[in-house]
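Undergrad: Structure provided below as structure tokens; questions to follow.
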Amino acid sequence: MFKHECGVVGIVSELKNTSYDLYFALRSLQHRGQESAGITVYDGKSMKTIKGMGLVDEVFGVKELMELKGYKGIGHVRYSTTGKSTVENAQPIFARTNIGHFALVHNGNLINYRKLRKGLEKRGAIFLTDSDSELILHLLAFSGQSDIISALKEILHKVKGAFSFIIMTPDLMLGVRDPYGFRPLVLGETEHGPILASESCAITLLKGKIVRDINPGEVVVIQNKGNINSFYFDSPTPKMCIFEYIYFARPDSYIFGQNVHEFRVKLGEQLAKEVSIDADKIIPIPDSGISASLGFSRESGIPYDRGLIRDHYTGRTFINPSPKDRSFKVRMKLNPIKSTIEGKKIILLDDSIVRGTTSKIIINLIREFNPKKVVFLSASPMIKNPCYYGIDTPSRNELIAAKKTNEEIRKYLNADELHYLSLEGLKKIAGTRCDSFCYACFNGEYPVKADYSGLSKNIKACEGKQIKLF
Ligand code: SF4
């Protein structure tokens, strides 16, 4: 499975205290990062930050939220793509600089991080973390400009890659999205004021209205009284991450102007148009295969059924009797329903196949209950390339579709049939916007020229391979 990246939120409120709203918003973005969580608030005089390792609920209790008093604030949940998983790298990050003090939360991956960092270190910058997000603070501080807006305008041309970030200063809240718009960033409005969030689920949870996406290449500026204006620092060249729709984002979110569940239903419908299968039922691999399975069932007429029950309480650190026994880990999460499987010709559908190891374990688990036939469907095309834009992917060598043919993968998975959604089918669903998405993990056509230094931890294994520059 690809690993999520990060989730960000920023709230300006007429209320004296935003910490509970920030906490609830972060909980709704928990799927985007489970390694660390943090909140910074501003009370009109100073900023206060609490952050720590673990889930939002592990870092924040009533005591912590009572300590965080402020009428505006920003929050972050993290999964590391650049930088180690340590509390030093947890966000928000805070800095006092010659242009004032501010805090920042970032979702994405800056592909020219190492090069820019080296340059700043030569000029005397002292980095406290090995996260690429800190680079933005140093670039702002070294810009030579006298205010944050002028500094942003200068430095945003220097950073390359994927970035959706929020900066909080005493006077402003700024939402920034890179010119390609790889990661989502949505503007909303609650009854108490404006909100910025990675996904709209954080806005609607707070009973807010979705106003619009921050556009690629745009900076949205929110004043303390809630007045909003914006400017473009670069012309938009949208290459939004199609995988946000396929897997990362929550089905109830609206990102890139469309509901995620609806998009996934269309993936299933398109797959049903592309393949003809003799089966008694379609069973989703929960949760990410549910929406596409509904679409497949609607289009093909093959009944949808539940055959795997997911345990939502399996934490990150449960006691595993045999750490090497991956199949037991999968069984702890997914338990089959014997009566819906035994003697039936079943289709299993998942959002994607990355290494293939989990898919193989699930199929073997299902086979213990004597199905007549097991067909495996992937609601996305074959993943052949790693991602450099804020997603932690295995190296190319570990991606099963990069090395094996469809038939070899079918045999490895122990499936009777294996089908992937075609790339053409995926683009068809994107419709008139199909050129506005990144498909690099499928076709290797990377929208931003790759600079290998400072990329994800698996990057070394990918050096010199399959990069097609634009
Ligand atoms: S390479 Fe794949 S995961 Fe990465 S941004 Fe592009 S579509 Fe998304």
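Simple scheme: letters A, B, ... for chains in structure tokens order, numbers from 1 for residues in each chain, numbers from 1 for ligands in the order shown.
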Write out as a tab-separated table the residues of chain A that have any atom within 7 Å of an atom of ligand 1, one row each with the nearest atom pair and its distance in Å to one decimal, counting only C-alpha atoms and all ligand atoms, sorted by chain and then rising number.
TA:
```
residue	atom	partner	partner_atom_place_in_ligand_line	distance
A:Phe182	CA	ligand 1	5 (S)	5.8
A:Met240	CA	ligand 1	5 (S)	6.8
A:Cys241	CA	ligand 1	8 (Fe)	3.7
A:Ile242	CA	ligand 1	7 (S)	4.8
A:Phe243	CA	ligand 1	8 (Fe)	4.7
A:Glu244	CA	ligand 1	8 (Fe)	6.7
A:Pro386	CA	ligand 1	1 (S)	6.4
A:Cys387	CA	ligand 1	4 (Fe)	4.0
A:Tyr388	CA	ligand 1	4 (Fe)	6.0
A:Tyr389	CA	ligand 1	5 (S)	5.1
A:Gly390	CA	ligand 1	4 (Fe)	6.9
A:Ile391	CA	ligand 1	3 (S)	5.9
A:Cys438	CA	ligand 1	6 (Fe)	4.4
A:Tyr439	CA	ligand 1	7 (S)	4.3
A:Ala440	CA	ligand 1	1 (S)	4.2
A:Cys441	CA	ligand 1	1 (S)	4.1
A:Phe442	CA	ligand 1	2 (Fe)	6.9
```
Undergrad: Tell me, as a ChimeraX atom specification, which residues lie within 6 Å of Ser13 of chain A, counting only C-alpha atoms; anything in the same chain fewer than 2 positions away does not count.
TA: /A:15,71-72,192-193
Undergrad: Could you give me the residues within segment 131-184 of chain A that DSSP places in helix (DSSP H, G or I), as a list in words?
TA: Asp132, Ser133, Glu134, Leu135, Ile136, Leu137, His138, Leu139, Leu140, Ala141, Ile148, Ile149, Ser150, Ala151, Leu152, Lys153, Glu154 and Ile155 of chain A
Undergrad: Could you give me, as a short mmCIF file (atom, residue, chain, number, x, y, z; two decimals) with N, CA and C atoms, in the first residue's frame, the residues within 10 Å of Ser143 of chain A, counting only C-alpha atoms and dropping anything in the same chain fewer than 4 positions from it?
TA:
```
data_model
loop_
_atom_site.label_atom_id
_atom_site.label_comp_id
_atom_site.auth_asym_id
_atom_site.auth_seq_id
_atom_site.Cartn_x
_atom_site.Cartn_y
_atom_site.Cartn_z
N ASN A 98 13.78 37.89 10.96
CA ASN A 98 13.80 39.35 10.77
C ASN A 98 12.51 39.88 10.16
N ILE A 99 11.67 38.99 9.58
CA ILE A 99 10.39 39.48 9.05
C ILE A 99 9.23 39.07 9.96
N LEU A 137 11.00 27.94 5.91
CA LEU A 137 11.23 28.98 6.92
C LEU A 137 12.55 29.69 6.70
N HIS A 138 13.60 28.90 6.43
CA HIS A 138 14.92 29.50 6.21
C HIS A 138 14.94 30.36 4.95
N LEU A 139 14.29 29.87 3.90
CA LEU A 139 14.25 30.66 2.66
C LEU A 139 13.56 32.00 2.92
N ASP A 147 8.76 41.92 4.47
CA ASP A 147 7.47 41.39 4.95
C ASP A 147 7.22 40.02 4.35
N ILE A 148 6.31 39.28 4.94
CA ILE A 148 6.09 37.88 4.58
C ILE A 148 5.57 37.72 3.15
N SER A 150 6.07 39.69 0.46
CA SER A 150 7.16 39.91 -0.50
C SER A 150 8.14 38.74 -0.45
N ALA A 151 8.41 38.24 0.76
CA ALA A 151 9.34 37.12 0.91
C ALA A 151 8.78 35.87 0.22
N LEU A 152 7.48 35.63 0.38
CA LEU A 152 6.86 34.46 -0.26
C LEU A 152 6.97 34.56 -1.78
N LYS A 153 6.64 35.76 -2.28
CA LYS A 153 6.69 35.95 -3.75
C LYS A 153 8.08 35.63 -4.28
N GLU A 154 9.09 35.96 -3.49
CA GLU A 154 10.46 35.70 -3.94
C GLU A 154 10.82 34.21 -3.87
N ILE A 155 10.49 33.58 -2.76
CA ILE A 155 11.02 32.21 -2.56
C ILE A 155 10.19 31.12 -3.28
#
```
Undergrad: Just the residues within 12 Å of Asn335 of chain A, please, counting only C-alpha atoms, with nothing from its chain fewer than 2 positions along; format it as a PyMOL selection string.
TA: chain A and resi 285-286+306-312+327-333+337-338+341+361-363+365-366+368-369
Undergrad: What's the 12 Å shell around Lys345 of chain A, counting only C-alpha atoms, without same-chain residues fewer than 2 positions away, as a PyMOL selection string?
TA: chain A and resi 277-283+302-303+340-343+347-348+366-367+369-376+415-417
Undergrad: Identify, with DSSP run on backbone atoms, the residues in segment 230-339 of chain A assigned to strand (DSSP E), and express the list as number ranges by chain.
TA: A: 230-232, 240-241, 254-255, 258-259, 281-284, 308-310, 334-336
Undergrad: I need the residues from that last selection saved to file as a tab-separated table (two decimals), in the first residue's frame (with N, CA and C atoms), if you can.
TA:
```
chain	number	residue	atom	x	y	z
A	230	SER	N	-6.40	37.09	-2.61
A	230	SER	CA	-5.43	36.10	-3.08
A	230	SER	C	-4.61	36.66	-4.24
A	231	PHE	N	-3.49	36.00	-4.53
A	231	PHE	CA	-2.69	36.36	-5.71
A	231	PHE	C	-2.02	35.09	-6.24
A	232	TYR	N	-1.59	35.17	-7.50
A	232	TYR	CA	-0.87	34.03	-8.10
A	232	TYR	C	0.62	34.35	-8.11
A	240	MET	N	-2.57	17.51	-10.91
A	240	MET	CA	-3.02	17.06	-9.58
A	240	MET	C	-2.88	15.54	-9.45
A	241	CYS	N	-2.63	15.10	-8.25
A	241	CYS	CA	-2.35	13.68	-8.01
A	241	CYS	C	-3.63	12.86	-8.17
A	254	TYR	N	-14.54	16.39	-0.88
A	254	TYR	CA	-14.55	16.97	-2.21
A	254	TYR	C	-13.18	17.59	-2.40
A	255	ILE	N	-12.41	17.05	-3.33
A	255	ILE	CA	-11.11	17.66	-3.64
A	255	ILE	C	-11.02	17.82	-5.15
A	258	GLN	N	-14.32	17.64	-7.07
A	258	GLN	CA	-15.20	16.48	-7.23
A	258	GLN	C	-15.21	15.62	-5.97
A	259	ASN	N	-16.33	14.94	-5.73
A	259	ASN	CA	-16.41	14.06	-4.57
A	259	ASN	C	-15.59	12.78	-4.82
A	281	LYS	N	-20.51	-12.98	-7.10
A	281	LYS	CA	-20.58	-11.75	-6.30
A	281	LYS	C	-19.24	-11.00	-6.34
A	282	ILE	N	-19.35	-9.72	-6.03
A	282	ILE	CA	-18.12	-8.91	-5.90
A	282	ILE	C	-17.99	-8.49	-4.44
A	283	ILE	N	-16.78	-8.72	-3.91
A	283	ILE	CA	-16.48	-8.41	-2.50
A	283	ILE	C	-15.37	-7.37	-2.45
A	284	PRO	N	-15.63	-6.23	-1.80
A	284	PRO	CA	-14.57	-5.21	-1.71
A	284	PRO	C	-13.54	-5.56	-0.65
A	308	LEU	N	-15.37	-9.67	3.75
A	308	LEU	CA	-14.21	-9.41	4.62
A	308	LEU	C	-14.62	-8.31	5.59
A	309	ILE	N	-14.46	-8.57	6.87
A	309	ILE	CA	-14.82	-7.57	7.87
A	309	ILE	C	-13.54	-6.97	8.44
A	310	ARG	N	-13.48	-5.65	8.38
A	310	ARG	CA	-12.26	-4.96	8.84
A	310	ARG	C	-12.37	-4.60	10.32
A	334	LEU	N	-8.52	-8.11	8.70
A	334	LEU	CA	-9.60	-8.51	7.79
A	334	LEU	C	-10.01	-9.94	8.08
A	335	ASN	N	-11.23	-10.12	8.53
A	335	ASN	CA	-11.68	-11.49	8.80
A	335	ASN	C	-12.77	-11.88	7.81
A	336	PRO	N	-12.61	-13.04	7.12
A	336	PRO	CA	-13.59	-13.42	6.10
A	336	PRO	C	-14.91	-13.94	6.70
```
Undergrad: Give the answer as one residue: which of A:Cys201, A:Leu120, A:Ile149, A:Cys6 has the shortest atom-to-atom distance to Val105 of chain A, using only C-alpha atoms?
TA: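 Nearest candidate to Val105 of chain A out of A:Cys201, A:Leu120, A:Ile149, A:Cys6: A:Cys6.
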Undergrad: Between atom CA of Val87 of chain A and atom CA of Thr18 of chain A, what is the distance in Å, rounded to a tenth?
TA: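 Atom-to-atom, atom CA of Val87 of chain A to atom CA of Thr18 of chain A, that is 23.2 Å.
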Undergrad: Hey, what's within 7 Å of Leu174 of chain A if we count only C-alpha atoms and toss same-chain stuff fewer than 4 positions away? As a ChimeraX atom specification, please?
TA: /A:166-168,219-222
Undergrad: What is the distance, in Å and to one decimal place, between atom CA of Tyr420 of chain A and atom CA of Ser297 of chain A?
TA: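 So the answer is 16.0 Å.
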Undergrad: Show me, as a VMD selection string, the residues that have an atom within 8 Å of Pro381 of chain A when counting only C-alpha atoms, minus same-chain residues fewer than 3 positions from it.
TA: chain A and resid 352 378 420 to 423 426 442
Undergrad: Go ahead and write the residues just picked, C-alpha atoms, as a PDB file, in the first residue's frame.
TA:
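What follows is the written file out_39.pdb:
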```
ATOM      1  CA  SER A 352      -4.480  -0.844  -6.284  1.00  0.00           C
ATOM      2  CA  SER A 378      -7.355  -3.499  -9.242  1.00  0.00           C
ATOM      3  CA  TYR A 420      -6.345  -3.915 -13.853  1.00  0.00           C
ATOM      4  CA  LEU A 421      -8.200  -0.780 -14.877  1.00  0.00           C
ATOM      5  CA  SER A 422      -6.553   0.589 -18.018  1.00  0.00           C
ATOM      6  CA  LEU A 423      -4.788   3.974 -17.993  1.00  0.00           C
ATOM      7  CA  LEU A 426      -8.726   6.137 -15.816  1.00  0.00           C
ATOM      8  CA  PHE A 442       1.532   4.491 -13.888  1.00  0.00           C
TER       9      PHE A 442
END
```
Undergrad: For a quick check of understanding, using only C-alpha atoms, which of A:Thr237, A:Ser28, A:Ser198, A:Gln270 has the smallest distance to Ala430 of chain A?
TA: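 Looking only at the distances to Ala430 of chain A, the closest residue turns out to be A:Gln270.
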Undergrad: Name the closest residue to Gly44 of chain A among the candidates A:Leu294, A:Val12, A:Met66, A:Val448; distances are taken between atoms, counting only C-alpha atoms.
TA: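 Going through A:Leu294, A:Val12, A:Met66, A:Val448 one by one, the smallest distance to Gly44 of chain A is for A:Val12.
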Undergrad: Quick one: of A:Val354, A:Leu104, A:Cys434, A:Ala95, who's nearest to Ile400 of chain A, counting only C-alpha atoms?
TA: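 Under the stated criterion, the closest residue is A:Val354.
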